[in-house]
$ cat run.tsv   # TSV, C-alpha atoms
chain	number	residue	atom	x	y	z
T	284	MET	CA	44.39	76.79	113.11
T	285	THR	CA	44.24	73.43	111.43
T	286	ASP	CA	46.42	71.51	109.01
T	287	ASP	CA	44.71	68.50	107.51
T	288	ASN	CA	47.69	67.19	105.57
T	289	PRO	CA	49.57	64.70	107.71
T	290	MET	CA	53.32	64.44	107.40
T	291	ASP	CA	54.60	61.24	105.89
T	292	LEU	CA	56.73	59.92	108.70
T	293	SER	CA	56.65	56.32	107.52
T	294	ALA	CA	60.43	56.35	107.11
T	295	LEU	CA	60.57	56.45	110.89
T	296	ASP	CA	58.05	53.64	111.37
T	297	PRO	CA	59.78	51.01	113.55
T	298	THR	CA	57.37	48.32	112.37
T	299	GLN	CA	58.68	48.59	108.80
T	300	PRO	CA	60.12	46.65	107.11
T	301	PRO	CA	58.52	43.57	108.71
T	302	ALA	CA	61.78	41.62	108.91
T	303	ALA	CA	63.44	44.40	110.90
T	304	PHE	CA	60.44	44.67	113.16
T	305	ALA	CA	60.46	40.92	113.78
T	306	ARG	CA	64.08	41.24	114.81
T	307	ARG	CA	63.23	44.08	117.22
T	308	VAL	CA	60.43	42.05	118.79
T	309	ALA	CA	62.77	39.06	119.10
T	310	ASN	CA	65.34	41.28	120.83
T	311	VAL	CA	62.75	42.47	123.33
T	312	ARG	CA	61.62	38.89	123.94
T	313	HIS	CA	65.21	37.80	124.46
T	314	ALA	CA	65.79	40.61	126.96
T	315	ALA	CA	62.60	39.61	128.79
T	316	GLN	CA	63.45	35.91	129.11
T	317	GLY	CA	64.48	36.23	132.75
T	318	ALA	CA	61.36	38.12	133.79
T	319	LEU	CA	59.13	35.65	131.90
T	320	TRP	CA	60.83	32.69	133.57
T	321	GLN	CA	60.37	34.23	137.00
T	322	ARG	CA	56.68	34.81	136.28
T	323	ARG	CA	56.23	31.20	135.13
T	324	GLN	CA	57.90	29.95	138.30
T	325	ALA	CA	55.73	32.18	140.49
T	326	ALA	CA	52.60	31.01	138.65
T	327	THR	CA	53.59	27.35	139.09
T	328	ARG	CA	54.17	27.84	142.81
T	329	ALA	CA	50.83	29.60	143.16
T	330	VAL	CA	49.01	26.72	141.39
T	331	SER	CA	50.68	24.09	143.59
T	332	ARG	CA	49.56	25.99	146.67
T	333	VAL	CA	45.89	25.91	145.66
T	334	PRO	CA	44.17	22.57	146.55
T	335	ALA	CA	42.19	21.04	143.71
T	336	SER	CA	39.36	19.70	145.92
T	337	PRO	CA	38.14	19.60	149.53
T	338	LEU	CA	40.03	16.30	149.89
T	339	GLY	CA	43.12	18.08	148.69
T	340	LEU	CA	42.55	20.74	151.31
T	341	VAL	CA	42.26	18.04	154.00
T	342	ALA	CA	45.37	16.30	152.71
T	343	ARG	CA	47.22	19.59	152.78
T	344	TRP	CA	46.32	19.97	156.45
T	345	ARG	CA	46.98	16.31	157.39
T	346	LEU	CA	50.39	16.79	158.94
T	347	PRO	CA	49.58	19.89	160.97
T	348	LEU	CA	46.32	18.24	162.04
T	349	MET	CA	48.11	15.09	163.20
T	350	ALA	CA	50.63	17.17	165.08
T	351	ALA	CA	47.82	19.08	166.79
T	352	MET	CA	46.05	15.82	167.72
T	353	LEU	CA	49.28	14.45	169.18
T	354	LEU	CA	49.67	17.54	171.30
T	355	VAL	CA	46.07	17.24	172.55
T	356	MET	CA	46.64	13.59	173.41
T	357	LEU	CA	49.79	14.38	175.34
T	358	ALA	CA	48.07	17.19	177.20
T	359	SER	CA	45.10	14.92	178.01
T	360	LEU	CA	47.35	12.16	179.33
T	361	ALA	CA	49.21	14.58	181.53
T	362	THR	CA	45.91	15.98	182.87
T	363	LEU	CA	44.51	12.51	183.55
T	364	ARG	CA	47.64	11.44	185.40
T	365	ALA	CA	47.53	14.57	187.47
T	366	LEU	CA	43.84	14.05	188.31
T	367	SER	CA	44.31	10.37	189.16
T	368	GLY	CA	47.08	11.36	191.58
T	369	GLU	CA	44.64	13.68	193.42
T	370	SER	CA	41.64	11.27	193.42
T	371	GLY	CA	42.43	9.79	196.89
T	372	SER	CA	42.71	6.27	198.40
T	373	THR	CA	40.79	3.05	197.77
T	374	ALA	CA	39.12	3.42	201.17
T	375	ASP	CA	37.53	6.61	199.98
T	376	SER	CA	36.09	4.94	196.93
T	377	VAL	CA	34.76	2.09	199.06
T	378	SER	CA	33.13	4.61	201.31
T	379	VAL	CA	31.56	6.33	198.34
T	380	GLY	CA	30.36	2.94	197.08
T	381	ASP	CA	28.69	2.20	200.41
T	382	ASP	CA	26.97	5.58	200.37
T	383	ILE	CA	25.61	4.89	196.90
T	384	ALA	CA	24.47	1.42	197.95
T	385	ASP	CA	22.66	2.87	200.95
T	386	ALA	CA	21.01	5.49	198.79
T	387	LEU	CA	19.84	2.92	196.22
T	388	GLY	CA	18.88	0.32	198.81
T	389	VAL	CA	21.17	-2.34	197.38
T	390	SER	CA	24.11	-4.24	198.79
T	391	GLY	CA	27.51	-2.64	199.23
T	392	SER	CA	29.08	-4.73	196.44
T	393	VAL	CA	26.69	-3.21	193.88
T	394	GLY	CA	27.59	0.25	195.09
T	395	ALA	CA	31.28	-0.67	194.76
T	396	ALA	CA	30.64	-1.90	191.24
T	397	LEU	CA	28.92	1.37	190.33
T	398	THR	CA	31.86	3.39	191.60
T	399	GLY	CA	34.27	1.57	189.34
T	400	GLU	CA	35.15	-1.81	190.69
T	401	SER	CA	35.04	-4.42	187.98
T	402	MET	CA	32.15	-6.88	188.02
T	403	SER	CA	30.35	-8.74	185.27
T	404	THR	CA	26.88	-7.61	184.22
T	405	VAL	CA	25.37	-10.99	185.14
T	406	ALA	CA	26.83	-10.81	188.63
T	407	LEU	CA	25.67	-7.28	188.98
T	408	MET	CA	22.12	-8.19	187.96
T	409	GLY	CA	22.20	-11.04	190.46
T	410	ARG	CA	23.07	-8.60	193.22
T	411	PHE	CA	20.13	-6.38	192.24
T	412	ASP	CA	17.82	-9.38	192.65
T	413	GLN	CA	18.87	-9.72	196.25
O	281	MET	CA	33.60	27.77	107.89
O	282	SER	CA	34.65	28.74	111.38
O	283	SER	CA	34.83	32.37	112.44
O	284	PRO	CA	38.27	33.79	113.16
O	285	ALA	CA	39.48	33.70	116.73
O	286	PRO	CA	38.67	36.90	118.62
O	287	ILE	CA	41.53	39.30	119.06
O	288	PRO	CA	42.55	39.28	122.72
O	289	SER	CA	42.24	42.56	124.56
O	290	ASP	CA	45.17	44.20	126.26
O	291	ALA	CA	43.70	43.09	129.58
O	292	ASP	CA	43.65	39.44	128.40
O	293	LEU	CA	47.25	39.66	127.23
O	294	VAL	CA	48.33	41.30	130.48
O	295	THR	CA	46.69	38.49	132.45
O	296	GLN	CA	48.56	35.91	130.37
O	297	CYS	CA	51.82	37.82	130.74
O	298	LEU	CA	51.39	37.73	134.51
O	299	ARG	CA	51.62	33.94	134.20
O	300	GLY	CA	54.78	34.22	132.11
O	301	ASP	CA	53.23	33.61	128.68
O	302	GLY	CA	55.90	34.67	126.18
O	303	ASP	CA	53.55	34.69	123.20
O	304	ALA	CA	51.20	37.09	124.97
O	305	PHE	CA	54.18	39.31	125.74
O	306	ASP	CA	55.21	39.24	122.08
O	307	ALA	CA	51.68	40.24	121.11
O	308	LEU	CA	51.75	43.22	123.47
O	309	VAL	CA	55.12	44.30	122.11
O	310	ARG	CA	53.97	44.01	118.49
O	311	ARG	CA	50.77	45.89	119.26
O	312	HIS	CA	52.31	48.83	121.10
O	313	TYR	CA	55.89	49.07	119.89
O	314	ARG	CA	55.21	51.94	117.47
O	315	THR	CA	53.36	53.90	120.16
O	316	ALA	CA	56.20	53.41	122.62
O	317	TYR	CA	58.71	54.31	119.93
O	318	SER	CA	56.85	57.53	119.07
O	319	VAL	CA	56.91	58.63	122.69
O	320	ALA	CA	60.58	57.70	123.14
O	321	LEU	CA	61.62	59.36	119.89
O	322	GLY	CA	59.72	62.49	120.89
O	323	VAL	CA	61.91	62.76	123.97
O	324	LEU	CA	65.22	61.46	122.65
O	325	VAL	CA	65.25	62.30	118.90
O	326	HIS	CA	67.90	59.65	118.24
O	327	GLN	CA	66.36	56.57	116.64
O	328	HIS	CA	68.86	54.18	118.15
O	329	ASP	CA	68.29	55.59	121.64
O	330	ALA	CA	64.53	55.41	121.16
O	331	GLU	CA	64.77	51.73	120.22
O	332	GLU	CA	66.94	50.99	123.22
O	333	VAL	CA	64.55	52.76	125.57
O	334	CYS	CA	61.60	50.94	123.98
O	335	GLN	CA	63.16	47.55	124.59
O	336	ASP	CA	64.13	48.47	128.13
O	337	SER	CA	60.65	49.84	128.85
O	338	PHE	CA	58.86	46.69	127.71
O	339	VAL	CA	61.09	44.54	129.90
O	340	LYS	CA	60.60	46.89	132.85
O	341	ALA	CA	56.85	46.87	132.26
O	342	LEU	CA	56.85	43.06	132.38
O	343	GLU	CA	58.78	43.09	135.64
O	344	ARG	CA	56.36	45.60	137.17
O	345	LEU	CA	53.19	44.23	135.61
O	346	ASP	CA	51.64	43.60	139.03
O	347	ASP	CA	51.59	47.37	139.49
O	348	CYS	CA	49.29	47.80	136.48
O	349	ARG	CA	46.08	47.98	138.50
O	350	ASP	CA	43.79	48.49	135.50
O	351	PRO	CA	44.95	46.22	132.65
O	352	ASP	CA	42.40	47.85	130.33
O	353	ARG	CA	44.50	51.00	130.62
O	354	PHE	CA	47.76	49.22	129.89
O	355	VAL	CA	48.82	51.70	127.18
O	356	PRO	CA	48.80	54.88	129.32
O	357	TRP	CA	50.59	52.91	132.05
O	358	LEU	CA	53.22	51.68	129.57
O	359	MET	CA	53.64	55.17	128.10
O	360	THR	CA	54.38	56.55	131.55
O	361	ILE	CA	57.17	54.00	131.89
O	362	VAL	CA	58.50	54.82	128.40
O	363	ARG	CA	58.48	58.56	129.01
O	364	ASN	CA	60.17	58.26	132.41
O	365	ARG	CA	62.86	55.97	131.08
O	366	ALA	CA	63.41	58.19	128.05
O	367	LEU	CA	63.85	61.21	130.32
O	368	SER	CA	66.27	59.26	132.52
O	369	TYR	CA	68.17	58.11	129.46
O	370	ARG	CA	68.41	61.67	128.17
O	371	SER	CA	69.75	62.89	131.51
O	372	TYR	CA	72.25	60.05	131.49
O	373	ARG	CA	73.38	60.99	127.99
O	374	LYS	CA	73.72	64.64	128.93
O	375	VAL	CA	75.94	63.71	131.81
O	376	ARG	CA	77.94	61.21	129.83
O	377	GLU	CA	78.58	63.37	126.82
O	378	THR	CA	78.08	67.02	126.13
O	379	SER	CA	77.10	66.62	122.49
O	380	GLU	CA	74.09	68.57	121.29
O	381	LEU	CA	70.78	66.92	120.45
O	382	VAL	CA	71.40	66.61	116.72
O	383	PRO	CA	71.00	63.04	115.55
O	384	GLU	CA	73.97	61.25	114.14
O	385	ILE	CA	73.26	60.91	110.47
O	386	ALA	CA	74.95	57.53	110.16
O	387	GLU	CA	73.04	55.72	112.89
O	388	ALA	CA	69.95	54.88	110.86
O	389	ARG	CA	72.11	53.34	108.20
O	390	ASP	CA	73.49	50.89	110.72
O	391	SER	CA	70.41	48.76	110.27
O	392	PRO	CA	70.93	46.26	107.47
O	393	PHE	CA	67.18	46.10	106.96
O	394	ARG	CA	66.82	49.69	105.79
O	395	ASP	CA	67.55	50.55	102.24
O	396	VAL	CA	69.66	53.58	101.60
O	397	ALA	CA	66.85	55.84	100.43
O	398	GLN	CA	64.74	55.10	103.48
O	399	ALA	CA	67.71	55.60	105.74
O	400	GLU	CA	68.47	58.98	104.22
O	401	LEU	CA	64.85	59.98	104.53
O	402	ALA	CA	64.81	58.89	108.16
O	403	ASP	CA	67.98	60.88	108.80
O	404	ARG	CA	66.50	64.04	107.30
O	405	LEU	CA	63.28	63.58	109.24
O	406	THR	CA	65.02	63.07	112.57
O	407	ALA	CA	67.26	66.06	111.92
O	408	ALA	CA	64.18	68.18	111.21
O	409	LEU	CA	62.36	66.80	114.25
O	410	ALA	CA	65.33	67.78	116.41
O	411	THR	CA	64.63	71.44	115.62
O	412	LEU	CA	61.15	71.25	117.16
O	413	SER	CA	60.33	71.66	120.81
O	414	GLU	CA	59.81	68.42	122.72
O	415	VAL	CA	56.05	68.81	122.95
O	416	GLN	CA	55.73	69.66	119.24
O	417	ARG	CA	57.83	66.63	118.40
O	418	GLN	CA	55.71	64.37	120.58
O	419	VAL	CA	52.45	65.65	119.13
O	420	VAL	CA	53.51	65.30	115.51
O	421	LEU	CA	54.99	61.82	116.09
O	422	MET	CA	51.97	60.57	118.01
O	423	HIS	CA	49.54	62.01	115.47
O	424	ASP	CA	51.29	61.45	112.15
O	425	LEU	CA	53.40	58.38	112.91
O	426	ASP	CA	51.17	56.45	115.28
O	427	GLY	CA	47.73	57.79	114.36
O	428	TRP	CA	46.60	59.12	117.74
O	429	SER	CA	43.61	61.46	117.80
O	430	HIS	CA	43.88	64.90	119.34
O	431	LYS	CA	41.65	63.71	122.17
O	432	GLU	CA	44.05	60.86	122.97
O	433	ILE	CA	47.09	63.11	122.69
O	434	ALA	CA	45.46	65.68	124.95
O	435	GLU	CA	44.81	63.03	127.59
O	436	GLU	CA	48.30	61.54	127.35
O	437	LEU	CA	50.17	64.83	127.39
O	438	GLU	CA	47.75	66.54	129.77
O	439	MET	CA	46.74	69.43	127.56
O	440	THR	CA	43.60	70.59	125.77
O	441	GLU	CA	42.66	69.32	122.33
O	442	VAL	CA	42.94	72.84	120.99
O	443	ARG	CA	46.49	73.04	122.29
O	444	SER	CA	47.30	69.71	120.67
O	445	ARG	CA	46.02	71.02	117.32
O	446	GLN	CA	48.09	74.16	117.68
O	447	HIS	CA	51.25	72.17	118.41
O	448	LEU	CA	50.60	69.94	115.40
O	449	PHE	CA	50.03	72.91	113.13
O	450	VAL	CA	53.26	74.61	114.21
O	451	ALA	CA	55.24	71.37	114.05
O	452	ARG	CA	54.09	70.51	110.53
O	453	LYS	CA	54.79	74.01	109.32
O	454	ALA	CA	58.30	73.95	110.77
O	455	LEU	CA	59.03	70.53	109.31
O	456	ARG	CA	57.81	71.56	105.87
O	457	GLU	CA	59.96	74.65	105.91
O	458	ARG	CA	62.92	72.60	106.99
O	459	LEU	CA	62.48	69.71	104.61
O	460	GLY	CA	60.95	71.29	101.55
O	461	GLY	CA	58.07	69.85	99.58
O	462	SER	CA	59.66	66.67	98.35
O	463	LEU	CA	58.96	64.61	101.44
O	464	PHE	CA	55.27	65.28	101.75
O	465	ARG	CA	52.38	63.35	100.50
O	466	GLU	CA	48.81	63.57	101.50
O	467	TYR	CA	47.33	60.54	103.10
O	468	THR	CA	44.05	59.30	101.82
O	469	ARG	CA	42.85	58.57	105.35
O	470	ASN	CA	40.62	61.13	107.01
O	471	ASP	CA	42.20	63.08	109.78

$ encode --input "run.tsv" --output "structure tokens"
Amino acid sequence: MTDDNPMDLSALDPTQPPAAFARRVANVRHAAQGALWQRRQAATRAVSRVPASPLGLVARWRLPLMAAMLLVMLASLATLRALSGESGSTADSVSVGDDIADALGVSGSVGAALTGESMSTVALMGRFDQ
Amino acid sequence: MSSPAPIPSDADLVTQCLRGDGDAFDALVRRHYRTAYSVALGVLVHQHDAEEVCQDSFVKALERLDDCRDPDRFVPWLMTIVRNRALSYRSYRKVRETSELVPEIAEARDSPFRDVAQAELADRLTAALATLSEVQRQVVLMHDLDGWSHKEIAEELEMTEVRSRQHLFVARKALRERLGGSLFREYTRND
């Protein structure tokens, strides 16, 4: 059951004549203006979100990174203050300095210097000579 | 002498359309308008309705283009949209008005770009097509208007190739009986 003679349906061809078809395409394009604009906007936003280089990536994270560093600094300061409040009296540190001095066989002032009391390097070396 | 620029594939044009490229969208419309029109006309019969559904379907396809998972198979995806919208449009028309599915003879003449003879021919053809079943109409339009092969029609309409040939045979016979011999001419292209 075959029929090899096609019907001539060219009168129904929407692509003819060319001028009418151009008008149809223009109508479709006009109706699609909104959707095309939205797609262009979405594409532009997507491009601006993608960093162009590793430096761009770093720059993109600069503000959050700085905020994170600030938080760490604040937390560290709070921890240090809390620890310094628990570290005890000056007498304790002197006692610790004497213990160190005894252990090293040097004078008590060197031990005090090693536990944190300020003293110049020259003075400290002089004490070691004693 | 430089070689002509390669013709972009559907997948290329779809990718460009996703970025909002209007020229790529125009190219897709120009390339597939007749196919979409054949499918819409097969469902709706009325030329004006088919054009309206075509335009609406292309816009809807652009809006939903992210859903087209395989851009190489853009045409079957688009045809699904066209068919669904044509069916919805037909239901809407049935609800809105109770007129039968006989095309209005004057509507094709509304276009200033058609000459009178072509418009009359188009009117007679659409009137004859309206007497066919929907599947016969779709097969004959896809095959004889848009040049689909039976294999492609069988895939699109989910039938066997043999069935597609049978529908075409019956449709052509019915149209010839309805229209008489004056409208036919044999194409030189091989079928």

$ residues_around --input "run.tsv" --residues "Asp301 of chain O" --least-positions-apart "3" --cutoff "12 Å" --atoms "only C-alpha atoms" --output "list in words"
Arg312, Ala315, Gln316, Ala318, Leu319, Trp320, Gln321, Arg322, Arg323, Gln324 and Ala326 of chain T; Asp292, Leu293, Val294, Thr295, Gln296, Cys297, Leu298, Ala304, Phe305, Asp306, Ala307, Leu308 and Leu342 of chain O

$ interface_residues --input "run.tsv" --of "chain O" --to "chain T" --cutoff "8 Å" --atoms "all atoms listed in the file" --output "number ranges by chain"
O: 297-302, 305-306, 309-310, 313-314, 317, 335-336, 338-339, 342-343, 393-394, 398-399, 401-402, 405, 421, 424-425, 445-446, 448-449, 452, 463-467, 471

$ closest_residue --input "run.tsv" --among "O:Glu414, O:Ala291, O:Leu409, O:Ser318" --to "Asp350 of chain O" --atoms "only C-alpha atoms"
O:Ala291

$ atom_distance --input "run.tsv" --atom1 "atom CA of Trp357 of chain O" --atom2 "atom CA of Leu437 of chain O"
12.8 Å

$ atom_distance --input "run.tsv" --atom1 "atom CA of Asp352 of chain O" --atom2 "atom CA of Gln418 of chain O"
23.3 Å

$ atom_distance --input "run.tsv" --atom1 "atom CA of Thr411 of chain O" --atom2 "atom CA of Arg458 of chain O"
8.9 Å

$ build_atoms --input "run.tsv" --residues "segment 306-320 of chain T" --atoms "N, CA and C atoms" --output "CSV table (one decimal), in the coordinates of the input"
chain,number,residue,atom,x,y,z
T,306,ARG,N,62.8,41.3,114.1
T,306,ARG,CA,64.1,41.2,114.8
T,306,ARG,C,64.0,42.1,116.1
T,307,ARG,N,63.4,43.2,116.0
T,307,ARG,CA,63.2,44.1,117.2
T,307,ARG,C,62.4,43.4,118.3
T,308,VAL,N,61.3,42.8,117.8
T,308,VAL,CA,60.4,42.0,118.8
T,308,VAL,C,61.2,40.9,119.4
T,309,ALA,N,62.0,40.2,118.6
T,309,ALA,CA,62.8,39.1,119.1
T,309,ALA,C,63.8,39.6,120.1
T,310,ASN,N,64.4,40.7,119.9
T,310,ASN,CA,65.3,41.3,120.8
T,310,ASN,C,64.7,41.6,122.2
T,311,VAL,N,63.5,42.2,122.1
T,311,VAL,CA,62.8,42.5,123.3
T,311,VAL,C,62.4,41.2,124.1
T,312,ARG,N,62.0,40.2,123.3
T,312,ARG,CA,61.6,38.9,123.9
T,312,ARG,C,62.8,38.3,124.6
T,313,HIS,N,64.0,38.4,123.9
T,313,HIS,CA,65.2,37.8,124.5
T,313,HIS,C,65.6,38.5,125.8
T,314,ALA,N,65.4,39.8,125.8
T,314,ALA,CA,65.8,40.6,127.0
T,314,ALA,C,64.8,40.3,128.1
T,315,ALA,N,63.6,39.8,127.8
T,315,ALA,CA,62.6,39.6,128.8
T,315,ALA,C,62.6,38.2,129.3
T,316,GLN,N,63.5,37.3,128.8
T,316,GLN,CA,63.4,35.9,129.1
T,316,GLN,C,63.5,35.7,130.6
T,317,GLY,N,64.4,36.4,131.3
T,317,GLY,CA,64.5,36.2,132.8
T,317,GLY,C,63.2,36.6,133.5
T,318,ALA,N,62.6,37.7,133.1
T,318,ALA,CA,61.4,38.1,133.8
T,318,ALA,C,60.2,37.1,133.5
T,319,LEU,N,60.2,36.6,132.3
T,319,LEU,CA,59.1,35.6,131.9
T,319,LEU,C,59.3,34.4,132.7
T,320,TRP,N,60.6,33.9,132.8
T,320,TRP,CA,60.8,32.7,133.6
T,320,TRP,C,60.4,32.8,135.0
